[in-house]
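**Student:** The structure file run01.txt (compact mmCIF, C-alpha atoms and all ligand atoms) is provided below.
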```
# COMPACT_ATOMS: atom_id res chain seq x y z
CA MET A 1 -38.51 -10.10 7.91
CA SER A 2 -37.72 -9.86 4.21
CA ALA A 3 -34.30 -10.19 2.67
CA LYS A 4 -32.37 -6.98 2.01
CA ALA A 5 -30.18 -8.66 -0.58
CA GLU A 6 -30.01 -11.64 -2.84
CA ILE A 7 -26.93 -13.77 -2.25
CA GLU A 8 -25.29 -15.41 -5.22
CA ILE A 9 -22.89 -18.29 -4.57
CA ILE A 10 -20.38 -19.32 -7.19
CA GLU A 11 -20.02 -22.93 -6.08
CA ARG A 12 -17.09 -23.63 -8.37
CA TYR A 13 -14.98 -21.07 -6.47
CA CYS A 14 -16.00 -21.97 -2.90
CA LYS A 15 -13.38 -23.91 -0.93
CA GLY A 16 -15.45 -24.32 2.21
CA CYS A 17 -13.29 -22.23 4.57
CA ASN A 18 -16.31 -21.28 6.70
CA ILE A 19 -15.35 -17.61 7.16
CA CYS A 20 -18.65 -16.36 5.71
CA VAL A 21 -20.74 -18.77 7.77
CA GLU A 22 -19.07 -17.69 10.99
CA PHE A 23 -19.08 -13.93 10.47
CA CYS A 24 -22.60 -13.54 9.07
CA PRO A 25 -24.39 -11.73 11.92
CA THR A 26 -27.80 -13.19 11.06
CA LYS A 27 -26.83 -16.80 10.29
CA VAL A 28 -27.93 -16.77 6.67
CA LEU A 29 -25.31 -19.24 5.48
CA GLU A 30 -24.36 -22.82 6.23
CA MET A 31 -21.66 -25.19 5.03
CA ASP A 32 -22.83 -28.25 3.15
CA ALA A 33 -20.17 -30.72 2.06
CA PHE A 34 -17.52 -27.94 1.87
CA VAL A 35 -19.67 -25.66 -0.25
CA VAL A 36 -21.57 -22.77 1.28
CA LYS A 37 -25.30 -22.49 0.80
CA VAL A 38 -28.00 -20.01 1.72
CA VAL A 39 -30.28 -21.48 4.38
CA ASN A 40 -32.00 -18.42 5.76
CA ALA A 41 -32.32 -15.97 2.87
CA ASP A 42 -34.96 -13.80 4.54
CA ALA A 43 -32.62 -12.89 7.39
CA CYS A 44 -30.04 -11.18 5.15
CA ILE A 45 -29.51 -7.54 6.18
CA ALA A 46 -27.20 -6.80 3.21
CA CYS A 47 -24.25 -6.00 5.47
CA ASN A 48 -21.85 -7.44 2.88
CA GLN A 49 -19.59 -9.04 5.51
CA CYS A 50 -19.58 -12.42 3.74
CA GLU A 51 -18.70 -10.96 0.35
CA LEU A 52 -15.95 -8.74 1.80
CA ARG A 53 -14.20 -11.57 3.64
CA CYS A 54 -14.65 -14.35 1.11
CA PRO A 55 -11.06 -15.03 -0.02
CA ASP A 56 -12.31 -16.94 -3.06
CA PHE A 57 -14.58 -14.48 -4.91
CA ALA A 58 -17.37 -17.03 -4.34
CA ILE A 59 -20.07 -14.79 -2.83
CA LYS A 60 -21.87 -11.83 -4.31
CA VAL A 61 -24.33 -9.80 -2.30
CA HIS A 62 -26.83 -8.15 -4.63
CA LYS A 63 -28.65 -5.46 -2.67
CA LEU A 64 -32.40 -5.42 -3.30
CA MET B 1 -25.09 -4.66 -7.37
CA ALA B 2 -22.37 -6.72 -5.80
CA TYR B 3 -18.82 -5.44 -6.20
CA ASP B 4 -17.46 -6.15 -9.68
CA TYR B 5 -14.09 -7.80 -9.11
CA GLU B 6 -14.15 -9.80 -12.34
CA LYS B 7 -13.37 -6.77 -14.48
CA SER B 8 -9.94 -6.63 -12.76
CA ILE B 9 -9.18 -10.37 -12.93
CA ARG B 10 -7.56 -12.01 -15.91
CA PRO B 11 -10.17 -14.18 -17.67
CA GLY B 12 -10.17 -17.84 -16.67
CA LYS B 13 -7.86 -17.37 -13.67
CA LEU B 14 -10.38 -18.24 -10.95
CA PRO B 15 -10.55 -20.24 -8.76
CA HIS B 16 -7.11 -19.15 -7.53
CA ILE B 17 -4.48 -21.53 -6.13
CA TRP B 18 -4.55 -20.33 -2.51
CA CYS B 19 -5.63 -22.79 0.20
CA PRO B 20 -9.12 -22.68 1.78
CA GLY B 21 -9.25 -19.66 4.09
CA CYS B 22 -5.87 -18.20 3.08
CA GLY B 23 -6.11 -14.45 3.59
CA HIS B 24 -4.19 -13.60 0.42
CA GLY B 25 -7.50 -13.67 -1.51
CA ILE B 26 -8.98 -11.08 0.86
CA VAL B 27 -5.96 -8.85 0.24
CA LEU B 28 -6.32 -9.27 -3.54
CA LYS B 29 -9.91 -8.07 -3.31
CA GLY B 30 -8.83 -5.12 -1.16
CA LEU B 31 -6.13 -4.21 -3.65
CA ILE B 32 -8.66 -4.28 -6.51
CA ARG B 33 -10.99 -1.95 -4.58
CA ALA B 34 -8.07 0.40 -3.80
CA MET B 35 -7.03 0.49 -7.47
CA ASP B 36 -10.64 1.35 -8.36
CA THR B 37 -10.79 4.07 -5.68
CA CYS B 38 -7.66 5.65 -7.16
CA GLU B 39 -9.06 5.19 -10.69
CA LEU B 40 -5.77 3.72 -11.84
CA ASP B 41 -5.27 3.17 -15.55
CA ARG B 42 -4.38 -0.54 -15.80
CA ASP B 43 -2.00 0.15 -18.68
CA LYS B 44 -0.05 2.60 -16.55
CA THR B 45 0.03 0.49 -13.39
CA ALA B 46 2.77 -2.02 -12.65
CA VAL B 47 2.17 -4.67 -9.99
CA VAL B 48 5.41 -6.38 -9.07
CA SER B 49 6.10 -9.39 -6.85
CA GLY B 50 8.83 -11.81 -5.83
CA ILE B 51 8.22 -15.47 -5.01
CA GLY B 52 5.83 -17.12 -2.56
CA CYS B 53 2.11 -17.74 -2.24
CA ALA B 54 1.55 -14.01 -1.62
CA SER B 55 3.69 -13.23 -4.65
CA ARG B 56 1.29 -15.16 -6.89
CA LEU B 57 -1.14 -12.27 -6.51
CA PRO B 58 -0.18 -10.22 -9.60
CA GLY B 59 -0.86 -13.23 -11.85
CA TYR B 60 -4.59 -12.79 -11.24
CA LEU B 61 -4.68 -9.07 -11.88
CA ASP B 62 -5.45 -7.41 -15.15
CA ALA B 63 -2.65 -4.81 -15.07
CA CYS B 64 1.02 -4.61 -16.10
CA THR B 65 2.33 -7.35 -13.85
CA LEU B 66 5.77 -8.71 -13.17
CA HIS B 67 6.52 -11.87 -11.18
CA THR B 68 10.25 -11.67 -10.43
CA ALA B 69 12.89 -13.52 -8.39
CA HIS B 70 12.52 -14.29 -4.68
CA GLY B 71 12.90 -11.12 -2.60
CA ARG B 72 13.54 -8.90 -5.61
CA ALA B 73 10.16 -7.19 -6.05
CA ALA B 74 11.41 -3.86 -4.68
CA ALA B 75 14.51 -3.97 -6.89
CA PHE B 76 12.55 -4.60 -10.11
CA ALA B 77 9.92 -2.08 -9.05
CA THR B 78 12.63 0.52 -8.48
CA GLY B 79 13.87 -0.13 -12.02
CA ILE B 80 10.40 0.35 -13.47
CA LYS B 81 9.80 3.55 -11.54
CA MET B 82 13.19 4.99 -12.56
CA ALA B 83 12.63 4.18 -16.24
CA LYS B 84 8.97 5.21 -16.29
CA PRO B 85 8.26 7.59 -13.39
CA GLU B 86 4.82 8.29 -14.81
CA MET B 87 3.70 4.74 -13.98
CA THR B 88 1.99 3.81 -10.71
CA VAL B 89 4.11 1.08 -9.16
CA LEU B 90 2.79 -1.40 -6.63
CA CYS B 91 4.75 -4.18 -4.95
CA VAL B 92 3.13 -7.17 -3.28
CA GLY B 93 4.60 -10.12 -1.43
CA GLY B 94 5.00 -12.08 1.77
CA ASP B 95 6.93 -11.54 4.99
CA GLY B 96 9.53 -14.10 3.94
CA ASP B 97 9.99 -12.60 0.50
CA GLY B 98 10.09 -9.01 1.76
CA THR B 99 12.00 -9.23 5.04
CA ALA B 100 14.25 -12.30 4.75
CA ILE B 101 15.78 -12.81 1.31
CA GLY B 102 14.45 -9.45 0.14
CA GLY B 103 15.07 -7.48 3.33
CA ASN B 104 17.89 -5.48 1.84
CA HIS B 105 15.91 -4.37 -1.21
CA PHE B 106 12.99 -3.53 1.03
CA ILE B 107 14.89 -1.25 3.42
CA HIS B 108 16.72 0.54 0.62
CA ALA B 109 13.51 1.26 -1.27
CA CYS B 110 12.24 2.75 2.02
CA ARG B 111 15.44 4.74 2.48
CA ARG B 112 15.22 6.26 -0.99
CA ASN B 113 11.59 7.21 -0.51
CA ILE B 114 10.81 6.17 -4.06
CA ASN B 115 7.18 6.69 -5.02
CA MET B 116 5.70 3.21 -4.82
CA THR B 117 3.28 1.27 -2.66
CA TYR B 118 4.44 -1.96 -1.07
CA VAL B 119 1.71 -4.27 0.28
CA ILE B 120 3.31 -6.88 2.47
CA MET B 121 1.21 -9.87 3.56
CA ASN B 122 2.57 -10.98 6.91
CA ASN B 123 1.34 -14.52 7.62
CA TYR B 124 4.29 -15.17 9.96
CA ILE B 125 5.71 -18.01 7.86
CA TYR B 126 7.11 -19.25 4.55
CA GLY B 127 3.78 -20.64 3.38
CA MET B 128 4.65 -21.87 -0.07
CA THR B 129 7.60 -24.05 0.85
CA GLY B 130 5.94 -25.85 3.76
CA GLY B 131 6.27 -23.59 6.76
CA GLN B 132 9.88 -22.69 7.48
CA PHE B 133 10.19 -19.84 9.97
CA SER B 134 10.51 -16.30 8.66
CA PRO B 135 11.89 -13.19 10.40
CA CYS B 136 8.26 -12.55 11.38
CA THR B 137 7.48 -15.89 13.04
CA PRO B 138 6.66 -14.88 16.62
CA THR B 139 9.04 -16.07 19.35
CA GLY B 140 8.00 -19.44 20.70
CA MET B 141 5.80 -20.39 17.75
CA LYS B 142 6.38 -23.49 15.67
CA ALA B 143 7.62 -23.77 12.13
CA SER B 144 8.93 -26.81 10.25
CA THR B 145 12.44 -25.51 11.03
CA THR B 146 11.65 -24.60 14.66
CA PRO B 147 9.82 -27.72 15.87
CA TYR B 148 10.52 -26.85 19.53
CA GLY B 149 9.40 -23.24 19.18
CA ASN B 150 11.15 -20.30 17.56
CA PRO B 151 13.90 -18.81 19.77
CA ASP B 152 14.30 -15.69 17.57
CA PRO B 153 12.81 -12.27 18.22
CA ILE B 154 10.80 -10.87 15.27
CA PHE B 155 11.12 -8.09 12.79
CA ASP B 156 8.24 -5.67 13.28
CA ILE B 157 7.74 -4.89 9.57
CA SER B 158 6.06 -1.53 10.11
CA LYS B 159 8.73 -0.35 12.55
CA LEU B 160 11.40 -1.62 10.17
CA ALA B 161 9.85 0.41 7.34
CA ILE B 162 9.61 3.56 9.47
CA GLY B 163 13.20 3.14 10.68
CA ALA B 164 14.43 2.63 7.14
CA GLY B 165 12.77 5.81 5.90
CA ALA B 166 9.39 4.96 4.36
CA THR B 167 7.16 8.03 4.51
CA TYR B 168 3.74 6.33 4.76
CA VAL B 169 3.45 3.24 6.95
CA ALA B 170 0.17 1.58 7.87
CA ARG B 171 -0.98 -1.74 9.23
CA THR B 172 -4.19 -3.72 9.13
CA THR B 173 -5.27 -7.36 9.06
CA ALA B 174 -7.04 -9.72 6.68
CA PHE B 175 -10.03 -9.61 9.04
CA HIS B 176 -10.36 -5.82 8.66
CA ALA B 177 -11.25 -6.05 4.99
CA THR B 178 -12.55 -2.52 4.44
CA GLN B 179 -9.44 -1.02 6.05
CA ILE B 180 -7.23 -2.88 3.55
CA ASP B 181 -8.45 -0.91 0.54
CA LYS B 182 -8.65 2.35 2.48
CA LEU B 183 -5.00 2.16 3.57
CA ILE B 184 -3.72 0.91 0.20
CA ALA B 185 -5.56 3.74 -1.58
CA GLU B 186 -3.99 6.28 0.79
CA GLY B 187 -0.61 4.69 0.15
CA ILE B 188 -1.08 4.98 -3.61
CA LYS B 189 -2.02 8.65 -3.29
CA HIS B 190 0.96 9.35 -1.01
CA LYS B 191 4.03 10.67 -2.83
CA GLY B 192 6.91 8.53 -1.62
CA MET B 193 7.47 5.01 -0.31
CA ALA B 194 4.26 3.65 1.21
CA VAL B 195 4.28 0.37 3.13
CA ILE B 196 1.04 -1.35 4.09
CA GLU B 197 1.52 -4.37 6.32
CA VAL B 198 -1.46 -6.73 6.29
CA LEU B 199 -1.42 -9.34 9.05
CA ASP B 200 -2.65 -12.45 7.36
CA ASP B 201 -3.42 -16.10 8.04
CA CYS B 202 -1.76 -19.20 6.62
CA PRO B 203 -3.89 -22.06 7.95
CA THR B 204 -1.91 -24.69 6.06
CA SER B 205 1.70 -24.00 7.02
CA TYR B 206 1.31 -21.96 10.22
CA GLY B 207 -2.13 -22.56 11.68
CA ARG B 208 -2.10 -26.34 11.78
CA ARG B 209 1.35 -26.48 13.33
CA ASN B 210 0.43 -23.95 16.00
CA LYS B 211 -2.80 -25.61 17.10
CA PHE B 212 -5.25 -23.22 15.56
CA ARG B 213 -8.31 -25.42 15.13
CA SER B 214 -9.69 -23.55 12.14
CA VAL B 215 -9.36 -20.65 9.73
CA VAL B 216 -12.10 -18.93 11.67
CA GLU B 217 -10.05 -19.14 14.87
CA MET B 218 -7.14 -17.49 13.06
CA MET B 219 -9.44 -14.74 11.78
CA LYS B 220 -10.84 -14.16 15.27
CA ARG B 221 -7.31 -13.79 16.59
CA LEU B 222 -6.60 -11.10 13.99
CA LYS B 223 -9.79 -9.36 15.06
CA ASP B 224 -8.84 -9.55 18.75
CA ILE B 225 -5.21 -8.41 18.59
CA ALA B 226 -5.83 -5.33 16.44
CA VAL B 227 -6.06 -1.99 18.24
CA PRO B 228 -6.47 1.21 16.21
CA VAL B 229 -3.64 3.68 16.92
CA THR B 230 -6.16 6.27 18.03
CA ALA B 231 -7.62 3.92 20.68
CA ALA B 232 -4.16 2.78 21.79
CA ALA B 233 -3.24 6.32 22.84
CA LYS B 234 -5.75 6.01 25.69
CA MET B 235 -4.66 2.52 26.79
CA THR B 236 -2.10 1.39 29.38
CA ASP B 237 0.92 -0.76 28.57
CA GLU B 238 -0.81 -3.58 30.38
CA GLN B 239 -3.92 -3.29 28.22
CA LEU B 240 -1.75 -3.23 25.10
CA GLU B 241 0.08 -6.43 26.00
CA GLY B 242 -0.16 -8.84 23.06
CA LYS B 243 -1.96 -6.29 20.87
CA VAL B 244 -0.90 -4.91 17.51
CA LEU B 245 -1.48 -1.32 16.44
CA THR B 246 -3.46 -0.77 13.24
CA GLY B 247 -4.19 2.22 11.05
CA VAL B 248 -1.77 4.86 9.80
CA LEU B 249 1.33 4.47 11.97
CA PHE B 250 3.54 7.06 10.32
CA LYS B 251 3.28 9.72 7.65
CA GLU B 252 5.63 12.52 6.62
CA GLU B 253 6.56 14.52 3.53
CA ARG B 254 10.10 14.11 2.28
CA PRO B 255 11.67 14.63 -1.21
CA GLU B 256 10.76 11.76 -3.52
CA TYR B 257 13.56 9.85 -5.22
CA THR B 258 12.62 9.91 -8.93
CA GLU B 259 12.01 13.67 -8.73
CA GLN B 260 15.34 14.23 -7.01
CA TYR B 261 17.01 12.12 -9.67
CA ALA B 262 15.39 14.05 -12.52
CA GLN B 263 16.58 17.29 -10.95
CA LEU B 264 20.08 15.91 -10.66
CA ILE B 265 20.11 15.03 -14.36
CA GLN B 266 18.87 18.51 -15.23
CA ARG B 267 21.55 20.14 -13.09
CA VAL B 268 24.39 18.01 -14.45
CA GLN B 269 23.31 18.42 -18.05
CA GLY B 270 23.02 22.16 -17.49
CA ALA B 271 19.48 22.46 -18.84
C1 LIG C 1 16.39 -17.86 -4.36
C2 LIG C 1 15.29 -18.66 -3.79
N1 LIG C 1 15.41 -19.19 -2.57
C3 LIG C 1 14.40 -19.91 -2.03
C4 LIG C 1 13.26 -20.13 -2.73
C5 LIG C 1 12.17 -20.98 -2.12
N2 LIG C 1 11.02 -20.23 -1.71
C6 LIG C 1 9.94 -20.10 -2.48
S1 LIG C 1 8.69 -19.24 -1.75
C7 LIG C 1 9.60 -19.05 -0.33
C8 LIG C 1 9.04 -18.35 0.89
C9 LIG C 1 7.87 -17.49 0.66
O1 LIG C 1 7.38 -17.03 1.87
P1 LIG C 1 6.57 -15.66 1.99
O2 LIG C 1 7.22 -14.61 1.19
O3 LIG C 1 6.38 -15.37 3.44
O4 LIG C 1 5.19 -15.95 1.26
P2 LIG C 1 3.98 -16.96 1.57
O5 LIG C 1 4.26 -18.18 0.77
O6 LIG C 1 3.95 -17.20 3.06
O7 LIG C 1 2.79 -16.22 1.10
C10 LIG C 1 10.86 -19.65 -0.46
C11 LIG C 1 11.87 -19.69 0.61
C12 LIG C 1 13.16 -19.57 -4.01
N3 LIG C 1 12.05 -19.71 -4.75
N4 LIG C 1 14.17 -18.85 -4.53
S1 LIG C 2 0.35 -22.40 2.09
FE1 LIG C 2 -0.39 -20.76 3.43
S2 LIG C 2 0.15 -18.87 2.36
FE2 LIG C 2 0.26 -20.54 0.87
S3 LIG C 2 -1.79 -20.55 -0.11
FE3 LIG C 2 -1.81 -22.07 1.58
S4 LIG C 2 -2.62 -20.91 3.33
FE4 LIG C 2 -1.97 -19.39 1.80
```
Spit out the file's structure as C-alpha cells when you get a sec.
Ligand SMILES: Cc1ncc(C[n+]2csc(CCOP(=O)(O)OP(=O)(O)O)c2C)c(N)n1
Ligand code: SF4
**Tutor:**
Amino acid sequence: MSAKAEIEIIERYCKGCNICVEFCPTKVLEMDAFVVKVVNADACIACNQCELRCPDFAIKVHKL
Amino acid sequence: MAYDYEKSIRPGKLPHIWCPGCGHGIVLKGLIRAMDTCELDRDKTAVVSGIGCASRLPGYLDACTLHTAHGRAAAFATGIKMAKPEMTVLCVGGDGDGTAIGGNHFIHACRRNINMTYVIMNNYIYGMTGGQFSPCTPTGMKASTTPYGNPDPIFDISKLAIGAGATYVARTTAFHATQIDKLIAEGIKHKGMAVIEVLDDCPTSYGRRNKFRSVVEMMKRLKDIAVPVTAAAKMTDEQLEGKVLTGVLFKEERPEYTEQYAQLIQRVQGA
C-alpha cells in the first residue's frame, strides 16, 4: 500500500497527548519520548483524523 | 494541502499555553475553520472572552479580540454589538466563566436575542485555578472544593440557553471536531443569540482527580456519551441514560435586539 498523504510533524508544538496515536485508524503514528513520530507512513489513508484532533497545531496532513 | 491555520494565528503565539490534551486547542481550530467558512473579515470580527483557560483563546486569534473581566464576556460583547452592529461578534469562554460568575450576563444576552455567537467550552471544572467545582461539575464527581464528591445538581448549559431565550442552541464535543466548525458557522449565520456548547476535557484539573487514566480515555468518553438529536428520537429513555444530545437542539426566528433598538431610536426621534 502506498501513502495517500505526507504527514508533517511540528515537533516544537507537540506536547505528547497521544490523541493522534490513538485515533489514527491505520496506526501510522507512535509516541517517542512525548513527541509523536511517523512509524508507518505507507499506511496513511489521508483521513485527516490526527490533524483535526491535534489540540496543538502540531500535525499537518498533506494529501498526495 | 493541509488546513492553513497559521494565517489566522497571531505570529509567534504557538505553542499555546494549554496543557497536553486540553480540548481548548481543538475548539480554537474549529473556530478558525468556522470563521473561514463564513468568510469573516478579521477587521470586522470581534472575539470576546472573560477569564479562564478557555478565555485565553482570543489571544491566539488574528482578529479584533478583547480579553475582559471574569464572567463579563457577554456584557462587553453586548456593548460592542450595540455600538457597532455591523461587526460580527463572537464570545468564547468556559463553563465557570459563563455560568457561574458570568451566569447573569449569559442569560440576559440570551433573553435579548442579540446577534452574537457564544461558544462555551464545558470542561466541567474551573481549570485555570486548580479545579474548583463549577455549576457544570456533574453530581458525585470530584473537584478540589468537593473532595468527597459534588452534592450539587448541574446546570445543563444548552437547556439554560434555550430557557433564557437564545434562538440557536447547539451542542457538540471536542471529540467531534468537524461538527464544531459546522455548528459554529451555523451559529454565526443565524440572526440572533447563538449558543454552541462544546463538551471538553480538562485532564489536569478534572481528569486526574476523577480517575481518568489518560486524555484518550476522556476523549473516548466524549465519543461514547454523544447521541445526535436525530438518533435520540428513536431511542428509549433507558438507552439514553447517561447520554448527551448533540447537534442543533433548538432554532427559532425572533426579533433581534440591535435591530429592535435601532427601530426604537428611529421612532422616538421621529425620523
Ligand atoms: C473576579 C474574579 N474571580 C475569580 C477569579 C479566578 N478565576 C480565574 S479563572 C477562573 C475559573 C475559570 O473556569 P472556566 O471558565 O470553567 O475555564 P477553564 O479554566 O476551565 O477553561 C476563576 C475562578 C478571577 N480571575 N476573577
Ligand atoms: S488546566 Fe485544564 S482547562 Fe486549563 S489548560 Fe490545563 S487542561 Fe486545559
**Student:** Any idea what the distance is between CA of Ile51 in chain B and CA of Ile184 in chain B?
**Tutor:** 20.9 Å
**Student:** Calculate how many Å separate CA of Arg208 in chain B from atom FE1 of ligand LIG 2 (chain C), rounding to one decimal.
**Tutor:**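 These atoms are spaced 10.2 Å apart.
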**Student:** Around the point (2.4, 4.9, -13.6), in the coordinates given by the file, pick out the residues reaching within 9 Å, counting only C-alpha atoms, and return them as a compact mmCIF listing (two decimals) with C-alpha atoms, in the frame of the given file.
**Tutor:**
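The resulting file, result_32.txt, is shown below:
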```
# COMPACT_ATOMS: atom_id res chain seq x y z
CA LEU B 40 -5.77 3.72 -11.84
CA ASP B 41 -5.27 3.17 -15.55
CA ARG B 42 -4.38 -0.54 -15.80
CA ASP B 43 -2.00 0.15 -18.68
CA LYS B 44 -0.05 2.60 -16.55
CA THR B 45 0.03 0.49 -13.39
CA ALA B 46 2.77 -2.02 -12.65
CA LYS B 81 9.80 3.55 -11.54
CA LYS B 84 8.97 5.21 -16.29
CA PRO B 85 8.26 7.59 -13.39
CA GLU B 86 4.82 8.29 -14.81
CA MET B 87 3.70 4.74 -13.98
CA THR B 88 1.99 3.81 -10.71
CA VAL B 89 4.11 1.08 -9.16
```
**Student:** What does the list of residues within 10 Å of ligand LIG 2 (chain C) look like if you count only C-alpha atoms and all ligand atoms, written as a ChimeraX atom specification?
**Tutor:** /B:16-25,52-56,94,121-131,200-207,215
**Student:** Residues of chain A within 9 Å of chain B, counting all atoms listed in the file, what are they? List them as a list in words.
**Tutor:**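 Therefore, the residues near the partner are Arg12, Tyr13, Cys14, Lys15, Gly16, Cys17, Asn18, Ile19, Glu22, Phe23, Asn48, Gln49, Glu51, Leu52, Arg53, Cys54, Pro55, Asp56, Phe57, Ala58, Ile59, Lys60, Val61, His62, Lys63 and Leu64 of chain A.
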**Student:** Save out the residues we just selected, C-alpha atoms, as a tab-separated table (two decimals), in the frame of the given file.
**Tutor:**
```tsv
chain	number	residue	atom	x	y	z
A	12	ARG	CA	-17.09	-23.63	-8.37
A	13	TYR	CA	-14.98	-21.07	-6.47
A	14	CYS	CA	-16.00	-21.97	-2.90
A	15	LYS	CA	-13.38	-23.91	-0.93
A	16	GLY	CA	-15.45	-24.32	2.21
A	17	CYS	CA	-13.29	-22.23	4.57
A	18	ASN	CA	-16.31	-21.28	6.70
A	19	ILE	CA	-15.35	-17.61	7.16
A	22	GLU	CA	-19.07	-17.69	10.99
A	23	PHE	CA	-19.08	-13.93	10.47
A	48	ASN	CA	-21.85	-7.44	2.88
A	49	GLN	CA	-19.59	-9.04	5.51
A	51	GLU	CA	-18.70	-10.96	0.35
A	52	LEU	CA	-15.95	-8.74	1.80
A	53	ARG	CA	-14.20	-11.57	3.64
A	54	CYS	CA	-14.65	-14.35	1.11
A	55	PRO	CA	-11.06	-15.03	-0.02
A	56	ASP	CA	-12.31	-16.94	-3.06
A	57	PHE	CA	-14.58	-14.48	-4.91
A	58	ALA	CA	-17.37	-17.03	-4.34
A	59	ILE	CA	-20.07	-14.79	-2.83
A	60	LYS	CA	-21.87	-11.83	-4.31
A	61	VAL	CA	-24.33	-9.80	-2.30
A	62	HIS	CA	-26.83	-8.15	-4.63
A	63	LYS	CA	-28.65	-5.46	-2.67
A	64	LEU	CA	-32.40	-5.42	-3.30
```
**Student:** Which residues, written as a list in words, have at least one atom at most 12 Å from Ile45 in chain A, with only C-alpha atoms counted and residues fewer than 4 positions away on the same chain left out?
**Tutor:**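 So, after excluding close chain neighbours, the residues are Met1, Ser2, Ala3, Lys4, Ala5, Glu6, Ile7, Cys24, Pro25, Thr26, Lys27, Val28, Asn40, Ala41, Gln49, Cys50, Val61, His62, Lys63 and Leu64 of chain A.
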**Student:** Of the residues B:Asn115, B:Thr145, B:Thr78, B:Ser8, which is the one nearest to ligand LIG 1 (chain C), using only C-alpha atoms and all ligand atoms?
**Tutor:**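 Among the listed residues, the smallest separation from ligand LIG 1 (chain C) belongs to B:Thr145.
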**Student:** Just to confirm, what's the straight-line distance from CA of Glu8 in chain A to CA of Met35 in chain B in Å (one decimal)?
**Tutor:** 24.3 Å
**Student:** If we count only C-alpha atoms and set the cut-off at 12 Å, which residues sit around Ala100 in chain B, ignoring sequence neighbours fewer than 3 positions away in its own chain? Please answer as a ChimeraX atom specification.
**Tutor:** /B:50-51,70-72,93-97,103-107,122,124-126,132-137,154-155,157
**Student:** Here is a test: counting all atoms listed in the file, which residue of B:Met116, B:Leu249, B:Val48, B:Leu222 is nearest to Leu160 in chain B?
**Tutor:**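 Answer, going by the shortest atom-to-atom distance: B:Leu249.
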**Student:** Neighbourhood query: residues within 8 Å of (12.0, -16.2, 18.6), file coordinates, counting only C-alpha atoms; return as a PyMOL selection string.
**Tutor:** chain B and resi 137-141+149-154
**Student:** With all atoms listed in the file as the atoms that count, which of B:Ala262, B:Ala83, B:Ala164, B:Ala143 lies nearest to ligand LIG 1 (chain C)?
**Tutor:**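 Among B:Ala262, B:Ala83, B:Ala164, B:Ala143, it is B:Ala143 that comes nearest to ligand LIG 1 (chain C).
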**Student:** Let me have the centre and edge lengths of the axis-aligned box enclosing all listed atoms of ligand LIG 1 (chain C) with 3 Å padding on every side, in Å to one decimal, as lines of an AutoDock Vina configuration file.
**Tutor:**
```
center_x = 9.6
center_y = -17.8
center_z = -0.7
size_x = 19.6
size_y = 12.4
size_z = 14.2
```
**Student:** May I have the residues within 10 Å of Thr167 in chain B as a PyMOL selection string, using all atoms listed in the file and disregarding those fewer than 2 positions away in the same chain?
**Tutor:** chain B and resi 110-115+161-165+169+187+190-195+250-256
